[in-house]
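> Before anything else, here's the structure in question.
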Amino acid sequence: MRTDIKTFERLPIPLKQISKSKNHPNYVPLKEVANISIIYGPNKISRENAKRRIVVTANVRGRDLGSFVTQIQKSLGEEVKLPSGYWLDYGGTFEQLISAKSRLMIVVPIALLLIFGLLFMAFDSARAALLIFTGVPLALTGGIAALWLRGIPFYISAGVGFIALSGVAVLNGMVMVEFIRNLQKSGVKLDEAIIKGALTRLRPILMTALVASLGFVPMALNTGTGAEVQRPLATVVIGGIISSTILTLLVLPSLYRFFHIKKFKKENYAK
């Protein structure tokens with residue numbers, strides 16, 4: 001019947017009985033109240049908040065979703081003029097990305113503050129906590145450099161990798177500083193304690209870095225299902241561990257000596 005217009009036109013439309021007159025018809029055919037024809041149109045009409053909605057979907061490959069949507073917004077804003085009553089909205093994975101980024105803007109600072117607070121409670125010194133906390137920026141720099149070298153855009157999993165990386169970088173620095181401080185407490189001079197501490201903790205720090213980085217290599221090289229989540233996280237961790245290890249073994253002992261010599265000069269000047 002849907003394909004036969006003639007049959008469709010004869011569908012009866014009931015009429016409300018206003019009077020008992022026999023001349024009043026009980027129904028009229030549909031063709032008397034409507035023009036019926038076959039034309040092309042949407043097979044489905046979706047609505048949101050009582051307004052019609054059309055969904056256009058696309059898969060993004062070879063680039064990050066954020067820059068892709070930004071380019072679309074710019075192109076549509078310059079080349080397309082929407083009629084009155086029309087609007088554009090971007091949802092799907094992009095909407096989830098924006099939501100996750102807003103949460104990371106809160107979670108990351110809180111995580112870093114908690115790390116600094118735990119260091120302060122462990123060493124009872126803001127100077128020592130700040131000294132160890134310097135491992136975080138260089139670790140983050142290494143993670144960003146690794147993403148850039150591999151041409152991987154920033155995903156939410158990369159942000160999670162940065163949080164985990166901060167903990168690993170702080171742990172290595174904490175082990176180094178604690179060992180040097182124990183040597184100083186036992187009567188070893190500053191320079192000798194720094195050299196001995198760096199050489200003694202060299203093997204444990206390298207072993208920790210190798211185990212953590214090599215464990216993420218399969219994830220970093222994955223090309224199968226879930227690779228878009230695993231590769232950014234593993235790349236960030238591997239690159240950050242390499243840079244944080246360099247800081248722990250080379251830069252951190254130098255900073256430790258600089259801070260303590262500066263503190264020693266201030267104490268002598270006060271005397």
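Ordering of the structure tokens sets the chain letters (A, B, ...); residue numbers start at 1 within each chain; ligands are numbered from 1 in the order shown.
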Just the residues within 7 Å of Phe179 in chain A, please, counting only C-alpha atoms, with nothing from its chain fewer than 4 positions along; format it as number ranges by chain.

A: 175, 183, 197

> For Arg231 in chain A, find every residue with an atom within 7 Å (counting only C-alpha atoms), except residues of its own chain fewer than 4 positions away, and show them as JSON, numbers by chain.

{"A": [219, 220, 221, 222, 227, 235]}

> Mind writing the picked residues with N, CA and C atoms as a PDB file, in the first residue's frame?


```
ATOM      1  N   MET A 219      53.828  -1.839  24.393  1.00  0.00           N
ATOM      2  CA  MET A 219      52.694  -0.918  24.261  1.00  0.00           C
ATOM      3  C   MET A 219      53.023   0.215  23.296  1.00  0.00           C
ATOM      4  N   ALA A 220      54.261   0.707  23.353  1.00  0.00           N
ATOM      5  CA  ALA A 220      54.651   1.816  22.485  1.00  0.00           C
ATOM      6  C   ALA A 220      54.681   1.414  21.018  1.00  0.00           C
ATOM      7  N   LEU A 221      54.947   0.142  20.733  1.00  0.00           N
ATOM      8  CA  LEU A 221      55.035  -0.344  19.353  1.00  0.00           C
ATOM      9  C   LEU A 221      53.763  -1.046  18.883  1.00  0.00           C
ATOM     10  N   ASN A 222      52.757  -1.055  19.719  1.00  0.00           N
ATOM     11  CA  ASN A 222      51.517  -1.756  19.379  1.00  0.00           C
ATOM     12  C   ASN A 222      50.806  -1.079  18.212  1.00  0.00           C
ATOM     13  N   ALA A 227      45.646   0.417  20.260  1.00  0.00           N
ATOM     14  CA  ALA A 227      46.938   1.093  20.088  1.00  0.00           C
ATOM     15  C   ALA A 227      46.814   2.592  20.273  1.00  0.00           C
ATOM     16  N   THR A 235      54.660   5.920  25.244  1.00  0.00           N
ATOM     17  CA  THR A 235      55.668   6.845  24.725  1.00  0.00           C
ATOM     18  C   THR A 235      56.028   7.910  25.744  1.00  0.00           C
TER      19      THR A 235
END
```

> By how many Å are CA of Gln96 in chain A and CA of Ser166 in chain A apart?

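Pair CA of Gln96 in chain A / CA of Ser166 in chain A returns 24.6 Å.
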
> Could you pull out the residues in range 48-173 of chain A that DSSP calls strand (DSSP E or B) from the backbone, as an NGL selection string?

:A and (48 or 51-53)

> Excluding Leu97 in chain A and any residue of its chain fewer than 3 positions from it, enumerate the residues within 10 Å of it, using only C-alpha atoms, and give them as a ChimeraX atom specification.

/A:65-66,91-94,100-103,155-156

> In Å, with one decimal, what is the gap from CA of Tyr90 in chain A to CA of Asn43 in chain A?

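About the pair CA of Tyr90 in chain A and CA of Asn43 in chain A: they are 22.6 Å apart.
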
> For Gly173 in chain A, work out the shell of residues within 12 Å, counting only C-alpha atoms and skipping chain neighbours fewer than 3 positions away, then give it as a count of residues only.

41

> Can you list, as a PyMOL selection string, every protein, DNA or RNA residue that comes within 6 Å of range 142-144 of chain A when you count only C-alpha atoms, leaving out same-chain residues fewer than 3 positions away?

chain A and resi 139+147+236+239-240+243

> Would you save the residues of that selection, restricted to N, CA and C atoms, as a PDB file, in the first residue's frame?


```
ATOM      1  N   ALA A 139      61.173  15.433  33.558  1.00  0.00           N
ATOM      2  CA  ALA A 139      60.485  14.202  33.146  1.00  0.00           C
ATOM      3  C   ALA A 139      59.346  14.526  32.185  1.00  0.00           C
ATOM      4  N   LEU A 147      56.720  12.327  22.435  1.00  0.00           N
ATOM      5  CA  LEU A 147      55.511  12.439  21.610  1.00  0.00           C
ATOM      6  C   LEU A 147      55.806  13.168  20.314  1.00  0.00           C
ATOM      7  N   VAL A 236      55.018   8.446  26.414  1.00  0.00           N
ATOM      8  CA  VAL A 236      55.263   9.462  27.441  1.00  0.00           C
ATOM      9  C   VAL A 236      56.108   8.883  28.571  1.00  0.00           C
ATOM     10  N   GLY A 239      59.874   8.141  27.320  1.00  0.00           N
ATOM     11  CA  GLY A 239      60.642   9.377  27.141  1.00  0.00           C
ATOM     12  C   GLY A 239      60.885  10.105  28.446  1.00  0.00           C
ATOM     13  N   GLY A 240      59.876  10.130  29.315  1.00  0.00           N
ATOM     14  CA  GLY A 240      60.041  10.808  30.598  1.00  0.00           C
ATOM     15  C   GLY A 240      61.001  10.096  31.523  1.00  0.00           C
ATOM     16  N   SER A 243      64.621  10.988  30.446  1.00  0.00           N
ATOM     17  CA  SER A 243      65.042  12.326  30.860  1.00  0.00           C
ATOM     18  C   SER A 243      65.138  12.454  32.376  1.00  0.00           C
TER      19      SER A 243
END
```

> Compare A:Leu118, A:Asp124, A:Gly77, A:Arg257 by their minimum atom-to-atom distance to Ala193 in chain A, counting only C-alpha atoms, and give me the closest one.

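Of all the options, A:Arg257 lies closest to Ala193 in chain A.
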